[in-house]
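Enquirer: One structure follows; several queries about it will come next.
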Amino acid sequence: MAINETLQKTGGFTVTIKRIDLSRNAIDLYEQKHTGGHLVSEHYHQTHQLLFVLEGEGAIRLGGEVRKLAVDNTALIVPYSVHSVMSDSRLTLLVLAFDEVVLDPDMRAQLLHAYFPASCLMKPGLFAASELRQLLRKMLFEQSRELSPLVRLSLKVQLSQLLLLLVRSAGTEAAGAGSSSNKLRAEKIRSYIDSKYFDPLTAGDIASKLDISTRHVNNIFKERYNMTPMQYLTEVRIRVAQKLLVETGKDIISICFEVGYDSVSTFYRSFKAVAKLSPKTYRELNAPAQAE
């Protein structure tokens with residue numbers, strides 16, 4: 001397992017990109033140890049990661065909120081989702097990194113994308129946690145063997161089983177969660193928009209991902225963030241556009257396309273509504289001074 005780090009400045013903050021080398025097998029399982037008081041600063045990956053707590057306690061920051069970590073807790077982190085990990089005591093994590101292309105198209109669409117559109121923290125029950133540990137042990141065993149097509153197939157099957165187990169476990173837990181599930185749904189919507197803002201998203205698209213009505217999506221998101229998902233999507237797109245206008249020399253039409261707009265006129269209207277200036281004026285006023 002090899003991880004390369006690159007610093008990326010976003011909105012005045014520096015976030016580390018940790019690139020995990022999955023070229024050998026598309027799936028990699030490894031142990032990660034943290035001593036008491038250790039902080040892994042905010043970063044993101046370009047692949048999926050699953051963090052399973054083997055021992056100890058700590059916290060993870062996901063979607064801008066800090067959540068407690070305890071034994072058997074499982075975090076599934078989607079690509080480009082900014083997160084950090086803190087340890088209260090000795091904290092040992094089993095990390096499963098995987099490239100989604102290793103999954104069959106149906107498993108990708110109907111399991112991974114449908115149930116895990118955004119990063120989330122799950123707390124499997126006693127029986128589910130036991131099954132999860134057993135699957136991870138099997139994957140560690142397969143990974144220790146000489147690489148072959150059969151080993152790759154076995155890891156792929158076990159990864160699919162693991163994701164299915166998590167979906168069923170999360171569904172059981174959510175059934176008794178009541179209104180508290182709305183908060184988690186709102187966080188998932190926000191994280192999903194953060195990672196997919198460049199796609200042609202609609203409220204209906206988001207609703208279909210969560211299998212709830214568009215009206216309910218708007219209500220639970222507005223209750224949490226005081227705006228609708230589409231208003232938040234616009235803000236995210238314009239924040240990225242502002243950064244590109246100031247830090248790059250890209251044409252405005254290219255920036256319009258990059259942040260998810262197909263129409264330049266719609267981009268201009270949205271930009272002026274958020275920034276109170278046209279993109280051209282904003283660039284002129286905020287461009288860094290040229291050295292003489």
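Following the order of the structure tokens, first chain is A, next is B, and so on, with residues numbered from 1 inside each chain and ligands from 1 in the order they appear.
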Please identify which residues in stretch 67-144 of chain A DSSP calls strand (DSSP E or B) from the backbone, and express them as a list in words.
Expert: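 These are the residues in question: Arg67, Lys68, Leu69, Thr74, Ala75, Leu76, Ile77, His83, Ser84, Val85, Met86, Ser87, Leu91, Thr92, Leu93, Leu94, Val95, Leu96, Ala97, Phe98, Cys120, Leu121 and Met122 of chain A.
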Enquirer: Could you tell me, as an MDAnalysis selection string, which residues of stretch 55-266 of chain A DSSP assigns to helix (DSSP H, G or I) when given the backbone?
Expert: chainID A and resid 100:102 105:115 126:144 149:175 180:196 203:210 214:225 229:247 252:258 264:266
Enquirer: So that I have them on file, write out the residues from the current selection with C-alpha atoms, as a compact mmCIF listing (two decimals), in the first residue's frame.
Expert:
```
# COMPACT_ATOMS: atom_id res chain seq x y z
CA GLU A 100 -15.36 1.23 -7.62
CA VAL A 101 -14.53 -0.07 -11.10
CA VAL A 102 -13.75 -3.42 -9.47
CA PRO A 105 -21.98 -2.33 -13.08
CA ASP A 106 -25.14 -3.53 -11.30
CA MET A 107 -23.37 -3.64 -7.92
CA ARG A 108 -21.96 -0.17 -8.52
CA ALA A 109 -25.29 1.37 -9.49
CA GLN A 110 -27.75 -0.54 -7.30
CA LEU A 111 -25.61 -0.99 -4.21
CA LEU A 112 -22.71 1.44 -3.91
CA HIS A 113 -24.19 4.52 -5.60
CA ALA A 114 -27.78 3.97 -4.52
CA TYR A 115 -27.09 3.43 -0.83
CA LEU A 126 -23.61 -7.07 17.50
CA PHE A 127 -24.42 -9.70 14.85
CA ALA A 128 -23.66 -7.46 11.87
CA ALA A 129 -20.33 -6.41 13.42
CA SER A 130 -19.38 -10.06 13.90
CA GLU A 131 -20.15 -10.83 10.24
CA LEU A 132 -18.26 -7.73 9.17
CA ARG A 133 -15.16 -8.81 11.08
CA GLN A 134 -15.33 -12.27 9.53
CA LEU A 135 -15.55 -10.84 6.00
CA LEU A 136 -12.60 -8.55 6.65
CA ARG A 137 -10.57 -11.51 7.97
CA LYS A 138 -11.35 -13.44 4.78
CA MET A 139 -10.23 -10.48 2.68
CA LEU A 140 -6.98 -10.19 4.64
CA PHE A 141 -6.35 -13.88 4.03
CA GLU A 142 -7.01 -13.61 0.30
CA GLN A 143 -4.81 -10.54 0.06
CA SER A 144 -1.92 -12.46 1.66
CA PRO A 149 -7.35 -13.98 -11.20
CA LEU A 150 -9.02 -16.23 -8.60
CA VAL A 151 -7.77 -14.08 -5.71
CA ARG A 152 -9.02 -10.94 -7.46
CA LEU A 153 -12.41 -12.56 -7.99
CA SER A 154 -12.62 -13.64 -4.35
CA LEU A 155 -11.81 -10.13 -3.10
CA LYS A 156 -14.38 -8.66 -5.46
CA VAL A 157 -17.10 -11.06 -4.23
CA GLN A 158 -16.26 -10.40 -0.58
CA LEU A 159 -16.31 -6.63 -1.13
CA SER A 160 -19.80 -6.93 -2.63
CA GLN A 161 -20.93 -9.04 0.33
CA LEU A 162 -19.50 -6.51 2.75
CA LEU A 163 -21.35 -3.59 1.13
CA LEU A 164 -24.59 -5.59 1.11
CA LEU A 165 -24.13 -6.38 4.81
CA LEU A 166 -23.62 -2.69 5.60
CA VAL A 167 -26.73 -1.70 3.66
CA ARG A 168 -28.86 -4.24 5.50
CA SER A 169 -27.34 -3.29 8.85
CA ALA A 170 -27.90 0.43 8.25
CA GLY A 171 -31.48 -0.25 7.16
CA THR A 172 -32.22 -2.11 10.39
CA GLU A 173 -30.72 0.66 12.48
CA ALA A 174 -32.56 3.38 10.58
CA ALA A 175 -35.91 1.67 11.10
CA SER A 180 -32.97 11.71 13.98
CA SER A 181 -32.56 10.05 10.57
CA ASN A 182 -33.52 13.34 8.91
CA LYS A 183 -30.34 14.96 10.20
CA LEU A 184 -28.25 12.16 8.70
CA ARG A 185 -30.14 12.40 5.42
CA ALA A 186 -29.53 16.15 5.26
CA GLU A 187 -25.81 15.57 5.83
CA LYS A 188 -25.75 12.92 3.11
CA ILE A 189 -27.45 15.31 0.69
CA ARG A 190 -24.90 18.03 1.44
CA SER A 191 -21.95 15.66 1.06
CA TYR A 192 -23.41 14.30 -2.17
CA ILE A 193 -23.75 17.82 -3.61
CA ASP A 194 -20.20 18.68 -2.51
CA SER A 195 -18.84 15.75 -4.50
CA LYS A 196 -21.21 15.95 -7.51
CA ALA A 203 -33.90 17.90 -6.60
CA GLY A 204 -35.54 14.86 -8.21
CA ASP A 205 -32.12 13.23 -8.77
CA ILE A 206 -31.26 13.63 -5.08
CA ALA A 207 -34.69 12.40 -3.98
CA SER A 208 -34.35 9.26 -6.09
CA LYS A 209 -30.98 8.51 -4.48
CA LEU A 210 -32.60 8.54 -1.03
CA THR A 214 -38.59 15.79 -3.59
CA ARG A 215 -40.72 17.74 -1.14
CA HIS A 216 -39.33 15.73 1.77
CA VAL A 217 -35.76 16.27 0.52
CA ASN A 218 -36.35 20.03 0.46
CA ASN A 219 -37.93 20.02 3.92
CA ILE A 220 -35.26 18.03 5.75
CA PHE A 221 -32.41 19.93 4.08
CA LYS A 222 -33.96 23.33 4.78
CA GLU A 223 -34.59 22.37 8.39
CA ARG A 224 -30.88 21.59 8.79
CA TYR A 225 -29.23 24.26 6.61
CA PRO A 229 -30.55 21.60 -1.83
CA MET A 230 -30.69 23.51 -5.13
CA GLN A 231 -29.83 26.79 -3.39
CA TYR A 232 -26.88 25.06 -1.74
CA LEU A 233 -25.83 23.56 -5.09
CA THR A 234 -25.76 27.06 -6.60
CA GLU A 235 -23.64 28.37 -3.73
CA VAL A 236 -21.14 25.52 -4.09
CA ARG A 237 -20.84 26.01 -7.85
CA ILE A 238 -20.35 29.76 -7.52
CA ARG A 239 -17.74 29.39 -4.74
CA VAL A 240 -15.74 27.08 -7.01
CA ALA A 241 -16.20 29.47 -9.95
CA GLN A 242 -14.95 32.39 -7.83
CA LYS A 243 -11.82 30.44 -6.96
CA LEU A 244 -11.19 29.54 -10.61
CA LEU A 245 -11.72 33.13 -11.74
CA VAL A 246 -9.12 34.43 -9.30
CA GLU A 247 -6.57 31.62 -9.34
CA ILE A 252 -15.30 32.22 -18.30
CA ILE A 253 -17.11 29.82 -20.63
CA SER A 254 -14.71 27.04 -19.58
CA ILE A 255 -15.34 27.80 -15.91
CA CYS A 256 -19.08 27.79 -16.58
CA PHE A 257 -18.79 24.28 -18.03
CA GLU A 258 -16.42 23.04 -15.29
CA VAL A 264 -23.59 30.71 -20.00
CA SER A 265 -26.59 32.98 -19.41
CA THR A 266 -27.77 30.78 -16.51
```
Enquirer: Excluding same-chain residues fewer than 6 positions from A:Gln49, what lies within 12 Å of it counting only C-alpha atoms, as a VMD selection string?
Expert: chain A and resid 18 to 20 22 26 to 30 74 to 83 93 to 100 116 118 to 121 159 163
Enquirer: Report, in Å to a single decimal, how far apart atom CA of A:Leu201 and atom CA of A:Ala273 are.
Expert: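 Result for atom CA of A:Ala273 versus atom CA of A:Leu201: 19.0 Å, one decimal.
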Enquirer: Restricting the calculation to only C-alpha atoms: of A:Glu284, A:Asp262, A:Asp88, A:Glu146, which residue gets closest to A:Gly249?
Expert: A:Glu284
